[in-house]
Structures are given as structure tokens and as C-alpha cells.
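**Q** One structure coming up, written as C-alpha cells, with questions to follow.
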Amino acid sequence: MKRIAACALCLAFLCTACAEQTEQTDSLVELATAPAFAENLTETTAPETTEPPTEPETLPNPPMPSQPAETDETTETEPPTEPAADWQVAYRALLSDVYAASSHEESYFALIALNGDEIPELVVLDDTQMQLYCFNGTEAVLLLEDGYKDTACSGQNVCFQPLSGRIASAFSTMGAGSGFYIFAYENLNDVAVTRYKFDNNEDTGGELPYNPIWDSAAEFGVENNGYHDVTLNDTWTHIGTDFPQCCELTKENAATAGQGWSLSLVTGAEPDTEETE
């Protein structure tokens, strides 16, 4: 009996120990599966930092290839330059030669209108010398060569009467007065010219002798203001620096002579045209 009691006691002790062991094992399983424990297991040892996360570096976009500016198809373009007329070519070549040969500082040229066509006449003023040219359809022709009393562009040294075929040059008289030679052309393609001299320098006892030339004074626009004082009225245009078509003779001006010229620039008139029915 005693042996059976001892065995039973031992068996009871072993069952109690096994139960405690089972409880400990279950506790460990619960601890391992608890959220806090799981977090502790996944925690890293990296040092904590308060700096914000570095943003990835962005490179600037490459420049776009330049594109040609859009053109407005409706934009007007300048018309092509018209070729030089024959008279422009002839006058430019002549003026280039005059410029190359001239040694004077007072040198000018002017395009004038002695008749009503669209081809001007050319006047060259070089120091105290005047030359008149016309274009005959082929070349520049010298119509007149004359002197005048003062340097180029002074006073009424050289004047012309637009569309009349007349050009005038002043000359000095013995008493320091002035007179005028008026050259009248019937046909500018012909070198034939009529010269009229208006001079009131012949004083006899304070009176001027009769000269039939003065009967034509009004017709020619000449004014007799008394002894040593002869002038041209406002029907005449003075070829001077105040005349828009008068230019200093330079290499550049010679090369562009006649550019943009028209009859209306000189006279305000339109070219002669034949009337049509």
C-alpha cells in the first residue's frame, strides 16, 4: 500500500510540473506574438535624424533649339530696285569723271527741268564755271559752258526758268554791279542757243542810254533796279544749296545721281502727255 501511495504521489508531482511547463511555453508564445514585441524585433539600429529627407536633385531642362520667327505671310516686302535708266547711267559716269578731275572744294551738280519730259538736264557748278548737259537718248551732251561772277551757289549766279528752255548766269560789271546772260534753247537736243545780255552798266551823266534789250525784260523776267542793279524775278529758280535737287559733288552722290528724280520734284508739274480721244 505504501508503495502505491508513493507512486501516486510521484505521478501527481510530474503532472503538476508538466502543467507549469506548458503555461510558461504558452506565455512565451503570447509574448512573441504581441505587437510591441514584434515591433522590437523589426527595429533597426540606424541613428535617428531630424533633417528632412533630401529631395532628389533635378537637372535643368536642356534648352530647346531656337526656332525661326514666324513670318506673317501677309507682310509686305519692299519691291525690287528698278534698274537705272539710261540717262542716269550716262550722268553718273560723267559726274564720276568730273569728280575725279576736279580739284575745287566748291563743286556741286543739279538736275533741272528745262522742258516737260521726264529726263532732266544736268548742271555742273565747279568753282566759278558752269556746264549744262542734256541726254540725247544715247549719251550726255554738253550744251553750254560758261563762267559766273562768284563762287558756286552764291547769290543769283546760276538760275533757270522751269520748262522754258532758259538758263541764266550772272556776270560782274566794271562798277562791281551785275548783269545776266540768258541762254534760250528751242530744242534741247540741239546745241544751237540764243544768248541775251542784260546789262545796265553804261551810265552817261547819271542816265542809262536806251538799249532795245530792255524791251524784252518783262518777257524774260529780268528786273532793272537802276545802275549796277539787275536781278531776276521769282519766275526763276536759283540753283543753290536751297534748291532740293542741288547736291555737293562727291563720289557717293555721283554714283546715285538721279535716283528718285521726277519732274514734279522740280516744278510740281506732270510730264507732257499726248491727249487721247
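Residue numbers start at 1 in each chain; chains themselves are named A, B, ... in the order of the C-alpha cells; ligands are numbered from 1 in the order shown.
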Excluding segment 149-155 of chain A and any residue of its chain fewer than 4 positions from it, enumerate the residues within 6 Å of it, using only C-alpha atoms, and give them as a list in words.
**A**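 Residues meeting the cut-off are Leu125, Asp127, Thr128, Ala170, Phe171, Ser172 and Gly240 of chain A.
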**Q** For Gln156 of chain A, list every protein, DNA or RNA residue within 8 Å, evaluated using only C-alpha atoms, and leave out those in the same chain fewer than 3 positions away; present the list as a list in words.
**A**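 Neighbouring residues, sequence-local ones excluded: Cys153, Cys159, Ser169, Ala170, Thr231, Leu232, His238 and Ile239 of chain A.
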**Q** Filtering to C-alpha atoms, could you give me those residues as an mmCIF file, in the first residue's frame?
**A**
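again-v1.cif was written with the following content:
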data_model
loop_
_atom_site.group_PDB
_atom_site.id
_atom_site.type_symbol
_atom_site.label_atom_id
_atom_site.label_comp_id
_atom_site.auth_asym_id
_atom_site.auth_seq_id
_atom_site.Cartn_x
_atom_site.Cartn_y
_atom_site.Cartn_z
ATOM 1 C CA CYS A 153 25.735 128.627 -105.206
ATOM 2 C CA CYS A 159 19.291 130.244 -112.331
ATOM 3 C CA SER A 169 24.378 133.099 -115.431
ATOM 4 C CA ALA A 170 25.419 136.335 -113.696
ATOM 5 C CA THR A 231 18.055 140.887 -110.766
ATOM 6 C CA LEU A 232 15.810 138.043 -111.908
ATOM 7 C CA HIS A 238 18.204 129.744 -108.179
ATOM 8 C CA ILE A 239 20.500 126.720 -108.385
#
**Q** Looking at A:Gln131, A:Thr250, A:Asn225, A:Ser178, which one is nearest to Glu145 of chain A, with distances taken over only C-alpha atoms?
**A** A:Gln131
**Q** Excluding same-chain residues fewer than 5 positions from segment 216-222 of chain A, what lies within 9 Å of it counting only C-alpha atoms, as a compact mmCIF listing (two decimals) with C-alpha atoms, in the first residue's frame?
**A**
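As a result, selection.txt now contains:
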# COMPACT_ATOMS: atom_id res chain seq x y z
CA ARG A 166 16.14 129.14 -120.41
CA PHE A 180 22.89 138.40 -116.73
CA ILE A 182 20.25 134.38 -120.57
CA PHE A 198 21.04 142.29 -119.81
CA VAL A 230 19.96 143.82 -112.22
CA THR A 231 18.06 140.89 -110.77
CA LEU A 232 15.81 138.04 -111.91
CA ASN A 233 12.22 137.82 -110.70
CA ASP A 234 10.55 134.87 -108.95
CA THR A 235 9.81 133.04 -112.18
CA TRP A 236 13.44 131.94 -111.97
**Q** Taking 2 positions as the minimum chain separation for residues in the same chain, which residues sit within 12 Å of Leu143 of chain A when counting only C-alpha atoms? Answer as JSON, numbers by chain.
**A** {"A": [121, 122, 123, 124, 130, 131, 132, 133, 134, 135, 136, 140, 141, 145, 146, 165, 167, 183, 184, 185, 187, 188, 189, 190, 191, 192, 193, 194]}
**Q** Mind dumping the selected residues with C-alpha atoms as a PDB file, in the first residue's frame?
**A**
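Okay, this is what ended up in result-v8.pdb:
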ATOM      1  CA  GLU A 121      19.132 118.316-117.666  1.00  0.00           C
ATOM      2  CA  LEU A 122      22.354 118.258-115.689  1.00  0.00           C
ATOM      3  CA  VAL A 123      24.115 121.380-114.419  1.00  0.00           C
ATOM      4  CA  VAL A 124      27.646 121.153-113.017  1.00  0.00           C
ATOM      5  CA  MET A 130      29.099 126.189-115.151  1.00  0.00           C
ATOM      6  CA  GLN A 131      28.377 123.356-117.586  1.00  0.00           C
ATOM      7  CA  LEU A 132      24.969 122.321-118.892  1.00  0.00           C
ATOM      8  CA  TYR A 133      24.344 118.821-120.256  1.00  0.00           C
ATOM      9  CA  CYS A 134      21.361 117.046-121.740  1.00  0.00           C
ATOM     10  CA  PHE A 135      20.759 113.395-122.579  1.00  0.00           C
ATOM     11  CA  ASN A 136      20.066 112.838-126.261  1.00  0.00           C
ATOM     12  CA  ALA A 140      25.259 113.075-122.193  1.00  0.00           C
ATOM     13  CA  VAL A 141      25.845 116.053-124.498  1.00  0.00           C
ATOM     14  CA  GLU A 145      29.957 126.086-120.814  1.00  0.00           C
ATOM     15  CA  ASP A 146      30.122 129.469-119.129  1.00  0.00           C
ATOM     16  CA  GLY A 165      14.352 126.212-122.097  1.00  0.00           C
ATOM     17  CA  ILE A 167      19.127 129.196-118.088  1.00  0.00           C
ATOM     18  CA  PHE A 183      20.625 131.336-122.839  1.00  0.00           C
ATOM     19  CA  ALA A 184      17.443 130.223-124.565  1.00  0.00           C
ATOM     20  CA  TYR A 185      17.097 126.784-126.210  1.00  0.00           C
ATOM     21  CA  ASN A 187      15.385 122.333-128.824  1.00  0.00           C
ATOM     22  CA  LEU A 188      17.477 120.806-126.063  1.00  0.00           C
ATOM     23  CA  ASN A 189      18.792 118.138-128.398  1.00  0.00           C
ATOM     24  CA  ASP A 190      20.403 120.892-130.441  1.00  0.00           C
ATOM     25  CA  VAL A 191      23.429 122.847-129.227  1.00  0.00           C
ATOM     26  CA  ALA A 192      22.118 125.934-131.019  1.00  0.00           C
ATOM     27  CA  VAL A 193      21.250 128.583-128.434  1.00  0.00           C
ATOM     28  CA  THR A 194      20.308 132.264-128.415  1.00  0.00           C
TER      29      THR A 194
END
**Q** Atom CA of Trp214 of chain A to atom CA of Leu163 of chain A: how many Å, to one decimal?
**A**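 These two atoms are separated by 22.6 Å.
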**Q** When DSSP works through the backbone of this structure, what residues of segment 110-266 of chain A end up as strand (DSSP E or B), shown as a PDB file with N, CA and C atoms, in the first residue's frame?
**A**
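Written out: out-v3.pdb:
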ATOM      1  N   ALA A 110      23.340 119.716-110.217  1.00  0.00           N
ATOM      2  CA  ALA A 110      21.887 119.807-110.030  1.00  0.00           C
ATOM      3  C   ALA A 110      21.183 119.220-111.236  1.00  0.00           C
ATOM      4  N   LEU A 111      20.050 118.594-110.977  1.00  0.00           N
ATOM      5  CA  LEU A 111      19.184 118.102-112.039  1.00  0.00           C
ATOM      6  C   LEU A 111      18.015 119.070-112.160  1.00  0.00           C
ATOM      7  N   ILE A 112      17.843 119.616-113.340  1.00  0.00           N
ATOM      8  CA  ILE A 112      16.826 120.643-113.553  1.00  0.00           C
ATOM      9  C   ILE A 112      15.878 120.203-114.670  1.00  0.00           C
ATOM     10  N   GLU A 121      17.847 117.811-117.199  1.00  0.00           N
ATOM     11  CA  GLU A 121      19.132 118.316-117.666  1.00  0.00           C
ATOM     12  C   GLU A 121      20.071 118.375-116.462  1.00  0.00           C
ATOM     13  N   LEU A 122      21.346 118.298-116.744  1.00  0.00           N
ATOM     14  CA  LEU A 122      22.354 118.258-115.689  1.00  0.00           C
ATOM     15  C   LEU A 122      23.181 119.531-115.719  1.00  0.00           C
ATOM     16  N   VAL A 123      23.277 120.194-114.564  1.00  0.00           N
ATOM     17  CA  VAL A 123      24.115 121.380-114.419  1.00  0.00           C
ATOM     18  C   VAL A 123      25.249 121.047-113.456  1.00  0.00           C
ATOM     19  N   VAL A 124      26.472 121.352-113.873  1.00  0.00           N
ATOM     20  CA  VAL A 124      27.646 121.153-113.017  1.00  0.00           C
ATOM     21  C   VAL A 124      28.212 122.520-112.669  1.00  0.00           C
ATOM     22  N   LEU A 125      28.362 122.795-111.389  1.00  0.00           N
ATOM     23  CA  LEU A 125      28.953 124.047-110.904  1.00  0.00           C
ATOM     24  C   LEU A 125      30.273 123.701-110.230  1.00  0.00           C
ATOM     25  N   ASP A 126      31.346 124.134-110.838  1.00  0.00           N
ATOM     26  CA  ASP A 126      32.671 123.803-110.328  1.00  0.00           C
ATOM     27  C   ASP A 126      33.463 125.098-110.163  1.00  0.00           C
ATOM     28  N   GLN A 129      32.800 127.987-112.682  1.00  0.00           N
ATOM     29  CA  GLN A 129      32.464 127.525-114.019  1.00  0.00           C
ATOM     30  C   GLN A 129      31.173 126.704-113.994  1.00  0.00           C
ATOM     31  N   MET A 130      30.359 126.898-115.037  1.00  0.00           N
ATOM     32  CA  MET A 130      29.099 126.189-115.151  1.00  0.00           C
ATOM     33  C   MET A 130      29.061 125.416-116.461  1.00  0.00           C
ATOM     34  N   GLN A 131      28.580 124.173-116.393  1.00  0.00           N
ATOM     35  CA  GLN A 131      28.377 123.356-117.586  1.00  0.00           C
ATOM     36  C   GLN A 131      26.950 122.826-117.563  1.00  0.00           C
ATOM     37  N   LEU A 132      26.325 122.827-118.732  1.00  0.00           N
ATOM     38  CA  LEU A 132      24.969 122.321-118.892  1.00  0.00           C
ATOM     39  C   LEU A 132      24.988 121.143-119.856  1.00  0.00           C
ATOM     40  N   TYR A 133      24.410 120.028-119.440  1.00  0.00           N
ATOM     41  CA  TYR A 133      24.344 118.821-120.256  1.00  0.00           C
ATOM     42  C   TYR A 133      22.886 118.399-120.437  1.00  0.00           C
ATOM     43  N   CYS A 134      22.640 117.713-121.544  1.00  0.00           N
ATOM     44  CA  CYS A 134      21.361 117.046-121.740  1.00  0.00           C
ATOM     45  C   CYS A 134      21.648 115.618-122.176  1.00  0.00           C
ATOM     46  N   PHE A 135      20.637 114.779-122.118  1.00  0.00           N
ATOM     47  CA  PHE A 135      20.759 113.395-122.579  1.00  0.00           C
ATOM     48  C   PHE A 135      19.989 113.272-123.884  1.00  0.00           C
ATOM     49  N   ALA A 140      25.339 111.714-122.723  1.00  0.00           N
ATOM     50  CA  ALA A 140      25.259 113.075-122.193  1.00  0.00           C
ATOM     51  C   ALA A 140      25.985 114.017-123.145  1.00  0.00           C
ATOM     52  N   VAL A 141      25.299 115.100-123.530  1.00  0.00           N
ATOM     53  CA  VAL A 141      25.845 116.053-124.498  1.00  0.00           C
ATOM     54  C   VAL A 141      26.040 117.399-123.810  1.00  0.00           C
ATOM     55  N   LEU A 142      27.220 118.013-123.999  1.00  0.00           N
ATOM     56  CA  LEU A 142      27.498 119.335-123.440  1.00  0.00           C
ATOM     57  C   LEU A 142      26.795 120.389-124.287  1.00  0.00           C
ATOM     58  N   LEU A 143      25.859 121.129-123.667  1.00  0.00           N
ATOM     59  CA  LEU A 143      25.142 122.195-124.372  1.00  0.00           C
ATOM     60  C   LEU A 143      25.779 123.547-124.155  1.00  0.00           C
ATOM     61  N   LEU A 144      26.337 123.764-122.970  1.00  0.00           N
ATOM     62  CA  LEU A 144      26.792 125.111-122.622  1.00  0.00           C
ATOM     63  C   LEU A 144      27.917 125.044-121.615  1.00  0.00           C
ATOM     64  N   GLU A 145      28.878 125.921-121.781  1.00  0.00           N
ATOM     65  CA  GLU A 145      29.957 126.086-120.814  1.00  0.00           C
ATOM     66  C   GLU A 145      30.162 127.580-120.620  1.00  0.00           C
ATOM     67  N   ASP A 146      30.070 128.031-119.387  1.00  0.00           N
ATOM     68  CA  ASP A 146      30.122 129.469-119.129  1.00  0.00           C
ATOM     69  C   ASP A 146      30.638 129.708-117.713  1.00  0.00           C
ATOM     70  N   GLY A 147      31.090 130.940-117.465  1.00  0.00           N
ATOM     71  CA  GLY A 147      31.526 131.328-116.127  1.00  0.00           C
ATOM     72  C   GLY A 147      30.486 132.213-115.469  1.00  0.00           C
ATOM     73  N   VAL A 158      23.648 131.276-110.908  1.00  0.00           N
ATOM     74  CA  VAL A 158      23.071 130.447-111.969  1.00  0.00           C
ATOM     75  C   VAL A 158      21.620 130.167-111.611  1.00  0.00           C
ATOM     76  N   CYS A 159      20.727 130.465-112.531  1.00  0.00           N
ATOM     77  CA  CYS A 159      19.291 130.244-112.331  1.00  0.00           C
ATOM     78  C   CYS A 159      18.706 129.624-113.592  1.00  0.00           C
ATOM     79  N   PHE A 160      17.556 128.992-113.453  1.00  0.00           N
ATOM     80  CA  PHE A 160      16.853 128.501-114.640  1.00  0.00           C
ATOM     81  C   PHE A 160      15.356 128.790-114.484  1.00  0.00           C
ATOM     82  N   GLN A 161      14.717 128.873-115.615  1.00  0.00           N
ATOM     83  CA  GLN A 161      13.276 129.089-115.663  1.00  0.00           C
ATOM     84  C   GLN A 161      12.628 127.753-116.032  1.00  0.00           C
ATOM     85  N   ARG A 166      15.248 128.020-120.699  1.00  0.00           N
ATOM     86  CA  ARG A 166      16.143 129.137-120.415  1.00  0.00           C
ATOM     87  C   ARG A 166      16.959 128.894-119.136  1.00  0.00           C
ATOM     88  N   ILE A 167      18.234 129.245-119.237  1.00  0.00           N
ATOM     89  CA  ILE A 167      19.127 129.196-118.088  1.00  0.00           C
ATOM     90  C   ILE A 167      19.950 130.476-118.102  1.00  0.00           C
ATOM     91  N   ALA A 168      20.273 131.027-116.937  1.00  0.00           N
ATOM     92  CA  ALA A 168      20.955 132.323-116.845  1.00  0.00           C
ATOM     93  C   ALA A 168      22.177 132.224-115.948  1.00  0.00           C
ATOM     94  N   SER A 169      23.191 132.989-116.279  1.00  0.00           N
ATOM     95  CA  SER A 169      24.378 133.099-115.431  1.00  0.00           C
ATOM     96  C   SER A 169      24.706 134.578-115.239  1.00  0.00           C
ATOM     97  N   ALA A 170      25.109 134.941-114.028  1.00  0.00           N
ATOM     98  CA  ALA A 170      25.419 136.335-113.696  1.00  0.00           C
ATOM     99  C   ALA A 170      26.870 136.645-114.041  1.00  0.00           C
ATOM    100  N   PHE A 171      27.098 137.869-114.401  1.00  0.00           N
ATOM    101  CA  PHE A 171      28.484 138.304-114.646  1.00  0.00           C
ATOM    102  C   PHE A 171      28.710 139.635-113.943  1.00  0.00           C
ATOM    103  N   SER A 172      29.956 139.914-113.677  1.00  0.00           N
ATOM    104  CA  SER A 172      30.299 141.163-112.988  1.00  0.00           C
ATOM    105  C   SER A 172      30.516 142.279-114.001  1.00  0.00           C
ATOM    106  N   SER A 178      26.144 143.913-111.537  1.00  0.00           N
ATOM    107  CA  SER A 178      25.943 142.620-112.169  1.00  0.00           C
ATOM    108  C   SER A 178      25.017 142.732-113.361  1.00  0.00           C
ATOM    109  N   GLY A 179      25.201 141.812-114.246  1.00  0.00           N
ATOM    110  CA  GLY A 179      24.292 141.657-115.370  1.00  0.00           C
ATOM    111  C   GLY A 179      24.050 140.167-115.546  1.00  0.00           C
ATOM    112  N   PHE A 180      23.213 139.813-116.512  1.00  0.00           N
ATOM    113  CA  PHE A 180      22.894 138.400-116.727  1.00  0.00           C
ATOM    114  C   PHE A 180      22.964 138.060-118.204  1.00  0.00           C
ATOM    115  N   TYR A 181      23.546 136.893-118.468  1.00  0.00           N
ATOM    116  CA  TYR A 181      23.409 136.270-119.764  1.00  0.00           C
ATOM    117  C   TYR A 181      22.271 135.258-119.647  1.00  0.00           C
ATOM    118  N   ILE A 182      21.332 135.347-120.533  1.00  0.00           N
ATOM    119  CA  ILE A 182      20.249 134.376-120.570  1.00  0.00           C
ATOM    120  C   ILE A 182      20.384 133.573-121.856  1.00  0.00           C
ATOM    121  N   PHE A 183      20.465 132.244-121.709  1.00  0.00           N
ATOM    122  CA  PHE A 183      20.625 131.336-122.839  1.00  0.00           C
ATOM    123  C   PHE A 183      19.285 130.636-123.062  1.00  0.00           C
ATOM    124  N   ALA A 184      18.759 130.768-124.241  1.00  0.00           N
ATOM    125  CA  ALA A 184      17.443 130.223-124.565  1.00  0.00           C
ATOM    126  C   ALA A 184      17.577 129.125-125.619  1.00  0.00           C
ATOM    127  N   THR A 194      20.321 130.808-128.263  1.00  0.00           N
ATOM    128  CA  THR A 194      20.308 132.264-128.415  1.00  0.00           C
ATOM    129  C   THR A 194      20.690 132.881-127.083  1.00  0.00           C
ATOM    130  N   ARG A 195      21.668 133.816-127.121  1.00  0.00           N
ATOM    131  CA  ARG A 195      22.137 134.434-125.873  1.00  0.00           C
ATOM    132  C   ARG A 195      21.642 135.877-125.799  1.00  0.00           C
ATOM    133  N   TYR A 196      21.088 136.232-124.650  1.00  0.00           N
ATOM    134  CA  TYR A 196      20.623 137.599-124.397  1.00  0.00           C
ATOM    135  C   TYR A 196      21.437 138.172-123.237  1.00  0.00           C
ATOM    136  N   LYS A 197      21.902 139.410-123.404  1.00  0.00           N
ATOM    137  CA  LYS A 197      22.710 140.059-122.379  1.00  0.00           C
ATOM    138  C   LYS A 197      21.957 141.251-121.803  1.00  0.00           C
ATOM    139  N   PHE A 198      21.703 141.185-120.508  1.00  0.00           N
ATOM    140  CA  PHE A 198      21.042 142.289-119.811  1.00  0.00           C
ATOM    141  C   PHE A 198      22.077 142.965-118.914  1.00  0.00           C
ATOM    142  N   THR A 204      25.704 157.366-118.436  1.00  0.00           N
ATOM    143  CA  THR A 204      26.191 158.608-119.015  1.00  0.00           C
ATOM    144  C   THR A 204      25.520 159.760-118.298  1.00  0.00           C
ATOM    145  N   GLU A 207      22.416 158.881-116.371  1.00  0.00           N
ATOM    146  CA  GLU A 207      21.300 158.283-117.099  1.00  0.00           C
ATOM    147  C   GLU A 207      21.795 157.109-117.948  1.00  0.00           C
ATOM    148  N   VAL A 222      13.422 139.744-116.160  1.00  0.00           N
ATOM    149  CA  VAL A 222      14.581 140.487-115.669  1.00  0.00           C
ATOM    150  C   VAL A 222      14.108 141.818-115.099  1.00  0.00           C
ATOM    151  N   GLU A 223      14.650 142.203-113.961  1.00  0.00           N
ATOM    152  CA  GLU A 223      14.259 143.464-113.327  1.00  0.00           C
ATOM    153  C   GLU A 223      15.437 144.431-113.304  1.00  0.00           C
ATOM    154  N   ASN A 224      15.191 145.620-113.823  1.00  0.00           N
ATOM    155  CA  ASN A 224      16.199 146.670-113.837  1.00  0.00           C
ATOM    156  C   ASN A 224      15.939 147.572-112.631  1.00  0.00           C
ATOM    157  N   VAL A 230      20.834 144.622-111.370  1.00  0.00           N
ATOM    158  CA  VAL A 230      19.956 143.820-112.224  1.00  0.00           C
ATOM    159  C   VAL A 230      19.684 142.501-111.500  1.00  0.00           C
ATOM    160  N   THR A 231      18.425 142.146-111.435  1.00  0.00           N
ATOM    161  CA  THR A 231      18.055 140.887-110.766  1.00  0.00           C
ATOM    162  C   THR A 231      17.044 140.123-111.621  1.00  0.00           C
ATOM    163  N   LEU A 232      16.803 138.881-111.254  1.00  0.00           N
ATOM    164  CA  LEU A 232      15.810 138.043-111.908  1.00  0.00           C
ATOM    165  C   LEU A 232      14.604 137.912-110.976  1.00  0.00           C
ATOM    166  N   THR A 237      14.385 130.015-110.845  1.00  0.00           N
ATOM    167  CA  THR A 237      14.798 129.188-109.707  1.00  0.00           C
ATOM    168  C   THR A 237      16.304 129.243-109.589  1.00  0.00           C
ATOM    169  N   HIS A 238      16.764 129.654-108.420  1.00  0.00           N
ATOM    170  CA  HIS A 238      18.204 129.744-108.179  1.00  0.00           C
ATOM    171  C   HIS A 238      18.763 128.347-107.912  1.00  0.00           C
ATOM    172  N   CYS A 246      19.890 120.144-105.829  1.00  0.00           N
ATOM    173  CA  CYS A 246      21.309 120.527-105.922  1.00  0.00           C
ATOM    174  C   CYS A 246      22.088 119.760-104.858  1.00  0.00           C
ATOM    175  N   CYS A 247      23.160 119.100-105.263  1.00  0.00           N
ATOM    176  CA  CYS A 247      23.947 118.265-104.345  1.00  0.00           C
ATOM    177  C   CYS A 247      25.425 118.604-104.458  1.00  0.00           C
ATOM    178  N   GLU A 248      26.112 118.439-103.362  1.00  0.00           N
ATOM    179  CA  GLU A 248      27.567 118.569-103.399  1.00  0.00           C
ATOM    180  C   GLU A 248      28.127 117.423-104.242  1.00  0.00           C
TER     181      GLU A 248
END
**Q** One number please: atom CA of Ala93 of chain A to atom CA of Ala255 of chain A, in Å, one decimal.
**A**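 Rounded to one decimal, the two atoms are 7.8 Å apart.
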**Q** Residues of segment 192-231 of chain A in alpha helix (DSSP H) according to DSSP, as an MDAnalysis selection string?
**A** chainID A and resid 217:220
**Q** Got time to write the residues from that selection, N, CA and C atoms, as a PDB file, in the first residue's frame?
**A**
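Result went into out-v7.pdb, see below:
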ATOM      1  N   ALA A 217      12.642 142.794-121.197  1.00  0.00           N
ATOM      2  CA  ALA A 217      12.905 142.495-119.790  1.00  0.00           C
ATOM      3  C   ALA A 217      11.742 141.760-119.127  1.00  0.00           C
ATOM      4  N   ALA A 218      10.529 142.255-119.351  1.00  0.00           N
ATOM      5  CA  ALA A 218       9.373 141.625-118.718  1.00  0.00           C
ATOM      6  C   ALA A 218       9.188 140.192-119.221  1.00  0.00           C
ATOM      7  N   GLU A 219       9.398 139.995-120.519  1.00  0.00           N
ATOM      8  CA  GLU A 219       9.252 138.662-121.098  1.00  0.00           C
ATOM      9  C   GLU A 219      10.234 137.677-120.481  1.00  0.00           C
ATOM     10  N   PHE A 220      11.441 138.138-120.210  1.00  0.00           N
ATOM     11  CA  PHE A 220      12.477 137.255-119.681  1.00  0.00           C
ATOM     12  C   PHE A 220      12.538 137.249-118.150  1.00  0.00           C
TER      13      PHE A 220
END
